[in-house]
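Visitor: My structure file query_0.cif, mmCIF, C-alpha atoms, is below:
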```
data_query
loop_
_atom_site.group_PDB
_atom_site.id
_atom_site.type_symbol
_atom_site.label_atom_id
_atom_site.label_comp_id
_atom_site.auth_asym_id
_atom_site.auth_seq_id
_atom_site.Cartn_x
_atom_site.Cartn_y
_atom_site.Cartn_z
ATOM 1 C CA CYS X 94 15.676 36.840 10.199
ATOM 2 C CA VAL X 95 15.155 33.148 9.395
ATOM 3 C CA THR X 96 13.246 32.583 6.171
ATOM 4 C CA ALA X 97 10.796 29.744 5.597
ATOM 5 C CA ALA X 98 13.185 28.282 3.023
ATOM 6 C CA THR X 99 16.056 28.279 5.521
ATOM 7 C CA LEU X 100 13.906 26.671 8.194
ATOM 8 C CA TRP X 101 12.756 24.026 5.703
ATOM 9 C CA GLN X 102 16.334 23.212 4.671
ATOM 10 C CA THR X 103 17.493 22.990 8.298
ATOM 11 C CA CYS X 104 14.657 20.661 9.290
ATOM 12 C CA MET X 105 15.198 18.462 6.250
ATOM 13 C CA THR X 106 18.928 18.195 6.959
ATOM 14 C CA LEU X 107 18.297 17.200 10.567
ATOM 15 C CA ALA X 108 15.736 14.625 9.483
ATOM 16 C CA ARG X 109 18.000 13.100 6.838
ATOM 17 C CA ASP X 110 20.915 12.880 9.272
ATOM 18 C CA LYS X 111 18.946 10.725 11.707
ATOM 19 C CA THR X 112 20.442 7.277 12.130
ATOM 20 C CA GLN X 113 17.579 5.612 13.934
ATOM 21 C CA ALA X 114 14.333 4.367 12.429
ATOM 22 C CA GLY X 115 11.024 5.614 13.727
ATOM 23 C CA PRO X 116 8.048 7.721 12.689
ATOM 24 C CA SER X 117 9.032 10.787 10.695
ATOM 25 C CA ILE X 118 7.023 13.685 9.301
ATOM 26 C CA TRP X 119 9.992 15.436 7.672
ATOM 27 C CA SER X 120 12.151 13.025 5.721
ATOM 28 C CA VAL X 121 13.393 9.457 5.487
ATOM 29 C CA PRO X 122 16.587 9.248 7.582
ATOM 30 C CA SER X 123 19.737 9.163 5.459
ATOM 31 C CA GLU X 124 20.782 5.759 6.803
ATOM 32 C CA PHE X 125 17.869 4.160 4.968
ATOM 33 C CA GLU X 126 18.380 5.896 1.612
ATOM 34 C CA SER X 127 21.615 4.344 0.353
ATOM 35 C CA THR X 128 22.071 1.239 -1.791
ATOM 36 C CA SER X 129 22.138 -1.921 0.305
ATOM 37 C CA ASN X 130 24.831 -4.588 0.270
ATOM 38 C CA HIS X 131 21.983 -7.105 0.413
ATOM 39 C CA PRO X 132 19.618 -5.959 -2.331
ATOM 40 C CA GLY X 133 16.299 -7.542 -3.078
ATOM 41 C CA THR X 134 15.212 -8.287 -6.635
ATOM 42 C CA VAL X 135 12.352 -6.876 -8.702
ATOM 43 C CA ARG X 136 10.710 -9.134 -11.256
ATOM 44 C CA PRO X 137 7.828 -8.668 -13.690
ATOM 45 C CA LEU X 138 4.842 -10.977 -13.321
ATOM 46 C CA ARG X 139 2.465 -11.414 -16.242
ATOM 47 C CA TYR X 140 -1.005 -12.698 -15.544
ATOM 48 C CA ARG X 141 -4.406 -12.956 -17.173
ATOM 49 C CA THR X 142 -7.395 -11.008 -15.955
ATOM 50 C CA HIS X 143 -10.530 -9.355 -17.362
ATOM 51 C CA ALA X 144 -11.975 -5.923 -18.067
ATOM 52 C CA TYR X 145 -14.310 -6.182 -15.112
ATOM 53 C CA SER X 146 -15.626 -2.614 -15.345
ATOM 54 C CA SER X 147 -17.007 -3.075 -18.864
ATOM 55 C CA ASP X 148 -17.306 -6.036 -21.237
ATOM 56 C CA GLY X 149 -15.375 -8.640 -19.243
ATOM 57 C CA ARG X 150 -12.965 -9.392 -22.088
ATOM 58 C CA GLU X 151 -9.774 -11.261 -21.182
ATOM 59 C CA VAL X 152 -6.587 -9.213 -21.036
ATOM 60 C CA GLN X 153 -2.979 -9.768 -20.033
ATOM 61 C CA LYS X 154 -1.377 -7.459 -17.503
ATOM 62 C CA THR X 155 1.979 -7.057 -15.773
ATOM 63 C CA ALA X 156 2.688 -6.434 -12.107
ATOM 64 C CA TYR X 157 6.107 -6.083 -10.468
ATOM 65 C CA VAL X 158 7.218 -8.203 -7.526
ATOM 66 C CA TYR X 159 9.908 -7.305 -4.984
ATOM 67 C CA LEU X 160 11.588 -10.311 -3.388
ATOM 68 C CA PRO X 161 13.854 -9.758 -0.374
ATOM 69 C CA PHE X 162 17.526 -10.682 -0.375
ATOM 70 C CA LYS X 163 17.991 -14.467 -0.294
ATOM 71 C CA TYR X 164 14.300 -15.097 -0.867
ATOM 72 C CA ASP X 165 13.619 -18.699 0.119
ATOM 73 C CA ARG X 166 10.632 -20.473 -1.407
ATOM 74 C CA HIS X 167 10.554 -22.797 1.600
ATOM 75 C CA LYS X 168 9.761 -19.913 3.965
ATOM 76 C CA SER X 169 6.505 -17.975 4.337
ATOM 77 C CA TYR X 170 6.533 -14.211 3.753
ATOM 78 C CA ASP X 171 4.191 -11.362 4.580
ATOM 79 C CA ILE X 172 2.966 -9.626 1.427
ATOM 80 C CA LEU X 173 2.128 -6.012 0.583
ATOM 81 C CA TYR X 174 0.157 -5.016 -2.520
ATOM 82 C CA LEU X 175 1.111 -1.421 -3.360
ATOM 83 C CA MET X 176 -0.803 0.709 -5.879
ATOM 84 C CA HIS X 177 0.279 3.740 -7.942
ATOM 85 C CA GLY X 178 -1.753 6.874 -8.742
ATOM 86 C CA THR X 179 -3.425 8.472 -11.758
ATOM 87 C CA GLY X 180 -1.322 8.557 -14.910
ATOM 88 C CA ASP X 181 1.293 6.103 -13.676
ATOM 89 C CA SER X 182 1.700 2.366 -14.010
ATOM 90 C CA ALA X 183 2.676 -0.805 -12.188
ATOM 91 C CA SER X 184 6.330 0.243 -12.521
ATOM 92 C CA TYR X 185 5.915 3.388 -10.385
ATOM 93 C CA TRP X 186 6.990 2.199 -6.936
ATOM 94 C CA LEU X 187 9.770 -0.274 -7.730
ATOM 95 C CA LYS X 188 11.162 0.660 -11.155
ATOM 96 C CA LYS X 189 10.494 4.354 -11.741
ATOM 97 C CA HIS X 190 11.448 5.208 -8.142
ATOM 98 C CA PRO X 191 14.212 2.776 -7.101
ATOM 99 C CA GLU X 192 14.750 4.798 -3.922
ATOM 100 C CA ASN X 193 11.784 2.870 -2.554
ATOM 101 C CA VAL X 194 13.570 -0.417 -3.185
ATOM 102 C CA HIS X 195 16.755 0.851 -1.513
ATOM 103 C CA MET X 196 14.724 1.953 1.499
ATOM 104 C CA VAL X 197 12.980 -1.413 1.852
ATOM 105 C CA ASP X 198 16.325 -3.206 1.533
ATOM 106 C CA GLN X 199 17.849 -1.039 4.256
ATOM 107 C CA LEU X 200 14.904 -1.396 6.629
ATOM 108 C CA ILE X 201 15.182 -5.166 6.275
ATOM 109 C CA ASP X 202 18.984 -5.041 6.684
ATOM 110 C CA HIS X 203 18.590 -3.092 9.928
ATOM 111 C CA ARG X 204 15.887 -5.507 11.105
ATOM 112 C CA ILE X 205 13.390 -2.671 11.405
ATOM 113 C CA ILE X 206 10.945 -4.672 9.298
ATOM 114 C CA LYS X 207 10.767 -8.351 8.463
ATOM 115 C CA PRO X 208 11.614 -9.576 4.946
ATOM 116 C CA MET X 209 8.459 -9.314 2.860
ATOM 117 C CA ILE X 210 7.159 -9.596 -0.681
ATOM 118 C CA ILE X 211 5.847 -6.410 -2.332
ATOM 119 C CA VAL X 212 3.597 -6.480 -5.396
ATOM 120 C CA THR X 213 2.898 -3.360 -7.468
ATOM 121 C CA PRO X 214 -0.063 -3.797 -9.852
ATOM 122 C CA SER X 215 -2.075 -1.283 -11.878
ATOM 123 C CA PHE X 216 -5.780 -0.510 -11.838
ATOM 124 C CA TYR X 217 -5.657 0.408 -15.550
ATOM 125 C CA VAL X 218 -7.016 -2.121 -18.067
ATOM 126 C CA GLN X 219 -6.081 -1.260 -21.678
ATOM 127 C CA ASN X 220 -7.788 2.168 -21.621
ATOM 128 C CA ASP X 221 -10.927 0.663 -20.113
ATOM 129 C CA ALA X 222 -13.119 3.313 -18.426
ATOM 130 C CA LYS X 223 -10.629 6.012 -19.459
ATOM 131 C CA ASP X 224 -13.301 8.684 -19.059
ATOM 132 C CA HIS X 225 -14.551 7.307 -15.732
ATOM 133 C CA LEU X 226 -11.444 6.206 -13.858
ATOM 134 C CA ASP X 227 -13.238 6.031 -10.524
ATOM 135 C CA THR X 228 -15.023 2.897 -11.721
ATOM 136 C CA LEU X 229 -11.638 1.175 -11.872
ATOM 137 C CA THR X 230 -11.072 1.870 -8.181
ATOM 138 C CA TYR X 231 -14.049 -0.442 -7.534
ATOM 139 C CA SER X 232 -13.702 -3.023 -10.313
ATOM 140 C CA PHE X 233 -10.065 -3.721 -9.405
ATOM 141 C CA ALA X 234 -11.446 -5.672 -6.417
ATOM 142 C CA LYS X 235 -12.452 -8.533 -8.718
ATOM 143 C CA GLU X 236 -9.122 -8.575 -10.514
ATOM 144 C CA LEU X 237 -7.326 -8.589 -7.179
ATOM 145 C CA ARG X 238 -9.366 -11.390 -5.691
ATOM 146 C CA ARG X 239 -9.872 -13.625 -8.711
ATOM 147 C CA ASP X 240 -6.719 -13.140 -10.772
ATOM 148 C CA LEU X 241 -3.800 -11.198 -9.287
ATOM 149 C CA MET X 242 -3.643 -12.799 -5.850
ATOM 150 C CA PRO X 243 -3.857 -16.377 -7.196
ATOM 151 C CA ALA X 244 -1.184 -15.583 -9.813
ATOM 152 C CA VAL X 245 1.219 -14.065 -7.271
ATOM 153 C CA GLU X 246 0.680 -16.335 -4.315
ATOM 154 C CA SER X 247 0.719 -19.564 -6.287
ATOM 155 C CA ARG X 248 4.176 -18.598 -7.555
ATOM 156 C CA TYR X 249 5.725 -16.963 -4.492
ATOM 157 C CA SER X 250 5.720 -18.214 -0.938
ATOM 158 C CA THR X 251 3.273 -16.379 1.339
ATOM 159 C CA TYR X 252 1.306 -17.527 4.384
ATOM 160 C CA ALA X 253 -1.550 -18.734 2.169
ATOM 161 C CA LYS X 254 -1.408 -22.505 2.487
ATOM 162 C CA LYS X 255 -4.113 -22.891 -0.146
ATOM 163 C CA ILE X 256 -4.702 -20.664 -3.164
ATOM 164 C CA ASP X 257 -8.406 -20.380 -2.594
ATOM 165 C CA ASP X 258 -10.936 -18.486 -0.501
ATOM 166 C CA GLN X 259 -10.187 -20.470 2.634
ATOM 167 C CA GLY X 260 -6.427 -20.052 2.273
ATOM 168 C CA PHE X 261 -6.587 -16.305 1.674
ATOM 169 C CA ARG X 262 -8.920 -15.711 4.613
ATOM 170 C CA ALA X 263 -6.776 -17.757 6.952
ATOM 171 C CA SER X 264 -3.685 -15.716 6.007
ATOM 172 C CA ARG X 265 -5.233 -12.204 6.035
ATOM 173 C CA ASN X 266 -3.126 -11.129 9.039
ATOM 174 C CA HIS X 267 -0.070 -11.463 6.803
ATOM 175 C CA ARG X 268 -1.408 -9.357 3.926
ATOM 176 C CA ALA X 269 -1.481 -5.560 3.436
ATOM 177 C CA PHE X 270 -2.747 -3.167 0.770
ATOM 178 C CA ALA X 271 -1.722 0.460 0.270
ATOM 179 C CA GLY X 272 -1.716 3.091 -2.436
ATOM 180 C CA LEU X 273 -1.125 6.722 -3.326
ATOM 181 C CA SER X 274 -3.678 9.219 -4.665
ATOM 182 C CA ARG X 275 -6.146 7.237 -6.807
ATOM 183 C CA GLY X 276 -4.315 4.167 -5.532
ATOM 184 C CA ALA X 277 -5.346 5.235 -2.031
ATOM 185 C CA VAL X 278 -8.916 5.497 -3.292
ATOM 186 C CA THR X 279 -8.516 1.974 -4.680
ATOM 187 C CA THR X 280 -7.309 0.852 -1.256
ATOM 188 C CA TYR X 281 -10.633 1.955 0.222
ATOM 189 C CA HIS X 282 -12.913 0.917 -2.643
ATOM 190 C CA SER X 283 -11.346 -2.407 -3.610
ATOM 191 C CA ALA X 284 -9.367 -3.646 -0.602
ATOM 192 C CA ILE X 285 -11.207 -2.379 2.478
ATOM 193 C CA GLU X 286 -14.756 -2.352 1.081
ATOM 194 C CA GLN X 287 -14.591 -5.559 -0.940
ATOM 195 C CA ASN X 288 -11.655 -7.654 0.259
ATOM 196 C CA LEU X 289 -11.506 -7.059 3.989
ATOM 197 C CA ASP X 290 -11.683 -10.809 4.525
ATOM 198 C CA TYR X 291 -8.316 -11.141 2.732
ATOM 199 C CA TYR X 292 -6.463 -8.098 4.165
ATOM 200 C CA SER X 293 -5.982 -6.581 7.606
ATOM 201 C CA TRP X 294 -3.329 -3.823 7.127
ATOM 202 C CA PHE X 295 -3.969 -0.702 5.041
ATOM 203 C CA GLY X 296 -2.195 2.462 3.941
ATOM 204 C CA THR X 297 -3.789 5.451 2.195
ATOM 205 C CA PHE X 298 -1.428 8.165 0.973
ATOM 206 C CA SER X 299 -2.984 11.395 -0.393
ATOM 207 C CA GLY X 300 -6.376 9.999 -1.339
ATOM 208 C CA SER X 301 -9.791 8.840 -0.135
ATOM 209 C CA ARG X 302 -13.035 9.908 -1.929
ATOM 210 C CA THR X 303 -15.132 7.684 0.304
ATOM 211 C CA SER X 304 -18.158 8.808 2.308
ATOM 212 C CA ALA X 305 -19.167 7.688 5.790
ATOM 213 C CA HIS X 306 -22.294 6.106 4.321
ATOM 214 C CA GLU X 307 -20.177 4.053 1.930
ATOM 215 C CA PHE X 308 -17.958 2.841 4.766
ATOM 216 C CA LYS X 309 -21.008 2.022 6.866
ATOM 217 C CA THR X 310 -22.656 -0.100 4.176
ATOM 218 C CA THR X 311 -19.533 -2.005 3.124
ATOM 219 C CA ALA X 312 -16.555 -2.390 5.471
ATOM 220 C CA CYS X 313 -18.694 -1.801 8.564
ATOM 221 C CA ALA X 314 -21.508 -4.134 7.499
ATOM 222 C CA TYR X 315 -21.770 -7.874 8.039
ATOM 223 C CA PRO X 316 -19.779 -10.027 7.325
ATOM 224 C CA PHE X 317 -16.814 -7.631 7.034
ATOM 225 C CA SER X 318 -17.735 -6.093 10.380
ATOM 226 C CA THR X 319 -16.579 -9.327 12.027
ATOM 227 C CA TYR X 320 -12.979 -8.952 10.776
ATOM 228 C CA PRO X 321 -10.470 -6.893 12.776
ATOM 229 C CA ILE X 322 -8.476 -4.107 11.138
ATOM 230 C CA HIS X 323 -4.941 -4.374 12.468
ATOM 231 C CA TYR X 324 -3.787 -0.987 11.182
ATOM 232 C CA LEU X 325 -4.905 1.883 8.947
ATOM 233 C CA TYR X 326 -2.173 4.406 8.215
ATOM 234 C CA ALA X 327 -3.197 7.608 6.429
ATOM 235 C CA SER X 328 -0.996 10.512 5.360
ATOM 236 C CA SER X 329 -0.835 13.610 3.202
ATOM 237 C CA GLY X 330 1.328 16.668 2.667
ATOM 238 C CA SER X 331 0.410 19.978 4.278
ATOM 239 C CA PHE X 332 0.330 21.544 0.770
ATOM 240 C CA ASP X 333 -1.286 18.476 -0.815
ATOM 241 C CA PHE X 334 -4.566 19.282 -2.601
ATOM 242 C CA ALA X 335 -5.980 15.958 -1.343
ATOM 243 C CA LEU X 336 -5.466 16.791 2.343
ATOM 244 C CA ALA X 337 -8.785 18.473 3.190
ATOM 245 C CA GLY X 338 -11.006 15.826 1.625
ATOM 246 C CA GLN X 339 -8.894 12.963 2.888
ATOM 247 C CA LEU X 340 -8.886 14.276 6.447
ATOM 248 C CA ASN X 341 -12.660 14.781 6.367
ATOM 249 C CA ASP X 342 -13.235 11.212 5.133
ATOM 250 C CA TYR X 343 -10.840 9.837 7.740
ATOM 251 C CA ARG X 344 -12.671 11.587 10.577
ATOM 252 C CA ASN X 345 -16.006 10.289 9.286
ATOM 253 C CA LEU X 346 -14.604 6.771 9.080
ATOM 254 C CA LEU X 347 -13.579 6.933 12.734
ATOM 255 C CA LYS X 348 -17.148 7.910 13.628
ATOM 256 C CA VAL X 349 -18.720 4.870 11.966
ATOM 257 C CA ASP X 350 -16.047 2.205 12.550
ATOM 258 C CA ASN X 351 -15.349 1.468 16.207
ATOM 259 C CA ARG X 352 -12.565 -0.952 15.297
ATOM 260 C CA LEU X 353 -10.262 1.989 14.608
ATOM 261 C CA GLU X 354 -8.670 3.676 17.625
ATOM 262 C CA PRO X 355 -6.259 6.593 17.047
ATOM 263 C CA GLY X 356 -2.984 5.974 18.800
ATOM 264 C CA LYS X 357 -3.603 2.249 18.808
ATOM 265 C CA ASN X 358 -4.290 0.916 15.326
ATOM 266 C CA THR X 359 -4.632 4.036 13.182
ATOM 267 C CA ARG X 360 -3.054 7.437 12.678
ATOM 268 C CA PHE X 361 -3.047 10.298 10.187
ATOM 269 C CA ASP X 362 0.305 11.984 9.470
ATOM 270 C CA VAL X 363 0.550 15.400 7.824
ATOM 271 C CA PHE X 364 3.994 16.048 6.337
ATOM 272 C CA PRO X 365 5.057 19.732 6.632
ATOM 273 C CA MET X 366 5.579 21.564 3.332
ATOM 274 C CA ARG X 367 4.980 18.462 1.228
ATOM 275 C CA TYR X 368 2.912 18.451 -1.954
ATOM 276 C CA HIS X 369 1.105 15.761 -3.987
ATOM 277 C CA SER X 370 4.469 14.342 -5.016
ATOM 278 C CA SER X 371 6.843 11.375 -4.952
ATOM 279 C CA GLY X 372 8.790 12.631 -1.919
ATOM 280 C CA ASN X 373 5.545 12.714 0.043
ATOM 281 C CA TRP X 374 4.729 9.106 -0.869
ATOM 282 C CA HIS X 375 8.270 7.837 -0.318
ATOM 283 C CA LEU X 376 8.064 9.146 3.251
ATOM 284 C CA ALA X 377 4.568 7.691 3.643
ATOM 285 C CA LEU X 378 5.823 4.257 2.633
ATOM 286 C CA TYR X 379 8.700 4.529 5.122
ATOM 287 C CA ASN X 380 6.248 5.198 7.951
ATOM 288 C CA PHE X 381 3.694 2.652 6.787
ATOM 289 C CA LEU X 382 6.183 -0.222 6.599
ATOM 290 C CA GLN X 383 6.941 0.235 10.293
ATOM 291 C CA CYS X 384 3.232 -0.046 11.193
ATOM 292 C CA ILE X 385 2.467 -3.400 9.633
ATOM 293 C CA PHE X 386 2.958 -7.131 10.247
ATOM 294 C CA HIS X 387 3.566 -6.928 13.981
ATOM 295 C CA ASN X 388 0.991 -9.558 15.017
#
```
Could you spell out this file's structure in structure tokens?

Guide:
Amino acid sequence: CVTAATLWQTCMTLARDKTQAGPSIWSVPSEFESTSNHPGTVRPLRYRTHAYSSDGREVQKTAYVYLPFKYDRHKSYDILYLMHGTGDSASYWLKKHPENVHMVDQLIDHRIIKPMIIVTPSFYVQNDAKDHLDTLTYSFAKELRRDLMPAVESRYSTYAKKIDDQGFRASRNHRAFAGLSRGAVTTYHSAIEQNLDYYSWFGTFSGSRTSAHEFKTTACAYPFSTYPIHYLYASSGSFDFALAGQLNDYRNLLKVDNRLEPGKNTRFDVFPMRYHSSGNWHLALYNFLQCIFHN
């Protein structure tokens, strides 16, 4: 008799032993988990912003920036802004979980993805709105647009030829936003609903909290309705408490937004026997990175 635990271990072993990149619902293949001989670097970036959800006071924040091996300021790079979840910080993806950095390095080494810049900010603002965190998933849009993007892209070389509205719109095909849990909610509320003119690739891991009506009156309304969405990748674990709500919101989004076509520029992965946990999101990032920046 084969137990569920034995089946799980067998499937995970087979998945890890894969030596070819491609979509996975079980595990990141082992070839992309080891330390690279060509590692990228992770640097802190301090910038000034404001408490946009309350009194507008000026604050200083820190984001982390991943630069690929042999980053060249004379070249232009695609850029991914990647958000953490509730209770974590800007250090989650690149410092607290260095396995994500190793994976990105290896995917670049194997030429599965192009060298890119990754920025990991935080939606938290010095305990602002600590009793109403959902407000931060909306107010971060202003910080992103007015403060973080200019700070990052004036310092590092992206496809934005000008650090202004015109430059960011012209380079939107080279810019992605993704997040986990409340960071996924922020992806919808701040990136898709309020900055769709600056971004065209999106990833939502284990989070949504967005109604069809909200989609219809923001991302699907003029002028954002005129911008194409190149890809929306959504994922969750089969044992993830966010799965039911996220799947319901995703289905409703497909009903109101005819730009999204499953199998073409969007998909929803459910990872077997995964919970609301770091392994879930590590696998989600692996899949997401292979969906973006192909145009």

Visitor: Take the PyMOL selection byres ((chain X and resi 386) around 10), apply it to the structure above, and return the hits as a ChimeraX atom specification.

Guide: /X:171-173,206-207,209,266-269,293-294,323-324,382-385,387-388

Visitor: Determine, using all atoms listed in the file, which residues of stretch 124-182 of chain X have any atom at most 12 Å from an atom of stretch 349-373 of chain X, and tabulate each with its shortest atom pair and distance in Å to one decimal place, rows ordered by chain and then rising number, as JSON lines.

Guide:
```
{"residue": "X:His177", "atom": "CA", "partner": "X:Ser371", "partner_atom": "CA", "distance": 10.5}
{"residue": "X:Gly178", "atom": "CA", "partner": "X:Ser370", "partner_atom": "CA", "distance": 10.4}
{"residue": "X:Thr179", "atom": "CA", "partner": "X:His369", "partner_atom": "CA", "distance": 11.6}
{"residue": "X:Asp181", "atom": "CA", "partner": "X:Ser371", "partner_atom": "CA", "distance": 11.6}
```

Visitor: Just to confirm, what's the straight-line distance from atom CA of X:Thr310 to atom CA of X:Ala222 in Å (one decimal)?

Guide: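 These two atoms are separated by 24.8 Å.
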
Visitor: For each of X:Phe334, X:Tyr281, X:Tyr291, X:Tyr164, take the minimum atom-to-atom distance to X:Gly133, counting only C-alpha atoms, then give the residue where this is smallest.

Guide: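 Among the listed residues, the smallest separation from X:Gly133 belongs to X:Tyr164.
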
Visitor: Might you pull out every residue within 10 Å of X:Asp221, with only C-alpha atoms counted and same-chain residues fewer than 6 positions away left off, and present them as a PyMOL selection string?

Guide: chain X and resi 144-148+228-229

Visitor: Write out as a PDB file with C-alpha atoms, in the frame of the given file which residues come within 6 Å of X:Ser329 when counting all atoms listed in the file, dropping same-chain ones fewer than 5 positions away.

Guide:
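So around18.pdb came out as:
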```pdb
ATOM      1  CA  PHE X 298      -1.428   8.165   0.973  1.00  0.00           C
ATOM      2  CA  SER X 299      -2.984  11.395  -0.393  1.00  0.00           C
ATOM      3  CA  LEU X 336      -5.466  16.791   2.343  1.00  0.00           C
ATOM      4  CA  VAL X 363       0.550  15.400   7.824  1.00  0.00           C
TER       5      VAL X 363
END
```

Visitor: Would you mind completing stretch 276-298 of chain X to N, CA and C atoms and writing the output as a compact mmCIF listing (two decimals), keeping the file's coordinate frame?

Guide:
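result.txt, freshly written:
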```
# COMPACT_ATOMS: atom_id res chain seq x y z
N GLY X 276 -4.63 5.47 -6.12
CA GLY X 276 -4.32 4.17 -5.53
C GLY X 276 -4.77 4.08 -4.09
N ALA X 277 -4.79 5.21 -3.39
CA ALA X 277 -5.35 5.24 -2.03
C ALA X 277 -6.86 5.06 -2.09
N VAL X 278 -7.48 5.68 -3.09
CA VAL X 278 -8.92 5.50 -3.29
C VAL X 278 -9.21 4.02 -3.58
N THR X 279 -8.37 3.39 -4.39
CA THR X 279 -8.52 1.97 -4.68
C THR X 279 -8.35 1.13 -3.42
N THR X 280 -7.48 1.56 -2.53
CA THR X 280 -7.31 0.85 -1.26
C THR X 280 -8.62 0.80 -0.50
N TYR X 281 -9.32 1.94 -0.44
CA TYR X 281 -10.63 1.96 0.22
C TYR X 281 -11.67 1.16 -0.56
N HIS X 282 -11.80 1.47 -1.85
CA HIS X 282 -12.91 0.92 -2.64
C HIS X 282 -12.76 -0.57 -2.96
N SER X 283 -11.54 -1.01 -3.20
CA SER X 283 -11.35 -2.41 -3.61
C SER X 283 -10.84 -3.31 -2.49
N ALA X 284 -9.93 -2.80 -1.65
CA ALA X 284 -9.37 -3.65 -0.60
C ALA X 284 -10.21 -3.63 0.67
N ILE X 285 -10.47 -2.45 1.22
CA ILE X 285 -11.21 -2.38 2.48
C ILE X 285 -12.69 -2.71 2.29
N GLU X 286 -13.31 -2.16 1.26
CA GLU X 286 -14.76 -2.35 1.08
C GLU X 286 -15.13 -3.72 0.51
N GLN X 287 -14.21 -4.33 -0.26
CA GLN X 287 -14.59 -5.56 -0.94
C GLN X 287 -13.70 -6.77 -0.66
N ASN X 288 -12.57 -6.55 -0.01
CA ASN X 288 -11.66 -7.65 0.26
C ASN X 288 -11.14 -7.64 1.69
N LEU X 289 -11.93 -7.14 2.60
CA LEU X 289 -11.51 -7.06 3.99
C LEU X 289 -11.30 -8.44 4.61
N ASP X 290 -11.90 -9.45 4.03
CA ASP X 290 -11.68 -10.81 4.53
C ASP X 290 -10.32 -11.37 4.12
N TYR X 291 -9.62 -10.69 3.19
CA TYR X 291 -8.32 -11.14 2.73
C TYR X 291 -7.17 -10.26 3.25
N TYR X 292 -7.48 -9.07 3.76
CA TYR X 292 -6.46 -8.10 4.16
C TYR X 292 -6.78 -7.53 5.54
N SER X 293 -5.72 -7.20 6.31
CA SER X 293 -5.98 -6.58 7.61
C SER X 293 -5.10 -5.36 7.89
N TRP X 294 -4.21 -5.00 6.97
CA TRP X 294 -3.33 -3.82 7.13
C TRP X 294 -3.50 -2.92 5.91
N PHE X 295 -3.65 -1.61 6.15
CA PHE X 295 -3.97 -0.70 5.04
C PHE X 295 -3.22 0.63 5.16
N GLY X 296 -2.84 1.16 3.99
CA GLY X 296 -2.19 2.46 3.94
C GLY X 296 -2.81 3.31 2.84
N THR X 297 -3.19 4.54 3.17
CA THR X 297 -3.79 5.45 2.19
C THR X 297 -3.00 6.76 2.19
N PHE X 298 -2.29 7.00 1.09
CA PHE X 298 -1.43 8.16 0.97
C PHE X 298 -2.06 9.15 -0.02
```
